[in-house]
Amino acid sequence: MIHSLFLVNSSGDIFLEKHWKSVVSRSVCDYFFEAQERASEPENVPPVIPTPHHYLISVLRHRIYFVAVIQSEVPPLFVIEFLHRVVDTFQDYFGVCTEAAIKDNVVVVYELLEEMLDNGFPLATESNILKELIKPPTILRTVVNTITGSTNVGEQLPTGQLSVVPWRRTGVKYTNNEAYFDVVEEIDAIIDKSGSTITAEIQGVIDACVKLTGMPDLTLSFMNPRLLDDVSFHPCVRFKRWEAERILSFIPPDGNFRLLSYHVSSQNLVAIPVYVKHNITFREGSSQGRFELTLGPKQTMGKAVESVLVNSQLPRGVLNVNLNPSQGTYTFDPVTKLLSWDLGKINPQKLPSLKGSMSLQAGACKPDENPTINIQFKIQQMAISGLKVNRLDMYGEKYKPFKGIKYMTKAGKFQVRT
């Protein structure tokens, strides 16, 4: 299936390659570099690139392109999912997935890739199994390996490898038994000039950190599970139980994992948590323009809107701005024409505003269109879709674990047109 893997940095250099079947020449990446040059943004490179004898399937994570070379047709999402697993595994092992971290741990990287794929087909992709096969690097282990010439590869086959629950190792023991779940939702929206919603959707995930002794069997139920569309589960979830009862039943992996991801696309179910009042005007024949912006919370159920950052790409004719923020600070880059306003937390009693004038080139024509406003924000302890966990139960073990649920909403691509 996957013949080779190339890692390409942001400069366009191949800094690591791995071949499972026959060696594929680096020149195959020329097709990828051509597509990269044509793309306006790094993330706009096509994920699937056909070449005369191969297919190149790539993902961009942490400013590194992971490019897989395929000789026969396979489902692209299958390969893309595997590449994301590779990145997640590197992050789990090294703390970060950067070019420097990969180069510093190049031996462990090759050992991991050898175990994750067998003759080009995915074999062991679960973190628990891999950590029993290949010990995560530590300073002491690196020193010992250098002196003795030994490797990080374990001597015994992982207990979970031959089990019906390969994602969980046997004999797990903890002094404190705890299970935490984070419901994180990202809202993408486009708001028109009058404040009406053109499009809005929610991408959500439930991330879990489970540290429980033994082999617990968990069930997680929701108050309103019908909200969830297009749900993607971790392999541990019993799908038939979900289809029949809308209850998540699973034996969890040990440690951190993504339980499910979901999508809410019904526009009437997506509440817009902030509103923007704007007045951006350019007068014909004048070298001055007016810029006024006010933000306020909306449909947040009393929760604070925090970490607010407003970005706006002003027209090329704008030379400089003279603005007065009621809170926070702003910056303007006269070269890129990017205006950024970091205002922090919105106080509903005193709404933050940014007002002032813009200096334009003398004799320049009035801009064809007003700039768009991109907003980033976070709302703690709230899922904007209204999703709520009803209860979490544990079976198969006698102890009582500590359980916690946390909600968070953040902006994805949130754009206001002026």
# chains A, B, ... in the order shown; residues from 1 in each chain; ligands from 1
call {"tool": "select_by_dssp", "arguments": {"residues": "segment 96-262 of chain A", "states": "strand (DSSP E)", "output": "PyMOL selection string"}}
result
chain A and resi 117-118+121-122+178-191+197-211+217-222+229-233+247-250+255-262
call {"tool": "closest_residue", "arguments": {"among": "A:Val28, A:Ala179, A:Ile191, A:Val276", "to": "Ala208 of chain A", "atoms": "only C-alpha atoms"}}
result
A:Ala179
call {"tool": "residues_around", "arguments": {"residues": "Val67 of chain A", "least_positions_apart": "5", "cutoff": "8 Å", "atoms": "only C-alpha atoms", "output": "PyMOL selection string"}}
result
chain A and resi 5-8+56-59
call {"tool": "closest_atom_pairs", "arguments": {"of": "segment 274-305 of chain A", "to": "segment 340-364 of chain A", "cutoff": "6 Å", "atoms": "only C-alpha atoms", "output": "Markdown table"}}
result
| residue | atom | partner | partner_atom | distance |
| --- | --- | --- | --- | --- |
| A:Ser287 | CA | A:Leu360 | CA | 4.6 |
| A:Gln288 | CA | A:Ser359 | CA | 5.0 |
| A:Gly289 | CA | A:Met358 | CA | 4.8 |
| A:Arg290 | CA | A:Ser357 | CA | 4.7 |
| A:Phe291 | CA | A:Gly356 | CA | 5.5 |
| A:Glu292 | CA | A:Lys355 | CA | 4.4 |
| A:Leu293 | CA | A:Leu354 | CA | 5.1 |
| A:Thr294 | CA | A:Ser353 | CA | 4.3 |
| A:Leu295 | CA | A:Pro352 | CA | 6.0 |
| A:Gly296 | CA | A:Leu351 | CA | 5.9 |
| A:Val305 | CA | A:Ile346 | CA | 5.7 |
call {"tool": "residues_around", "arguments": {"residues": "segment 192-205 of chain A", "least_positions_apart": "3", "cutoff": "10 Å", "atoms": "only C-alpha atoms", "output": "PyMOL selection string"}}
result
chain A and resi 182-189+208+228-233+258-272+275-279+370+372+383-385+387+408-418
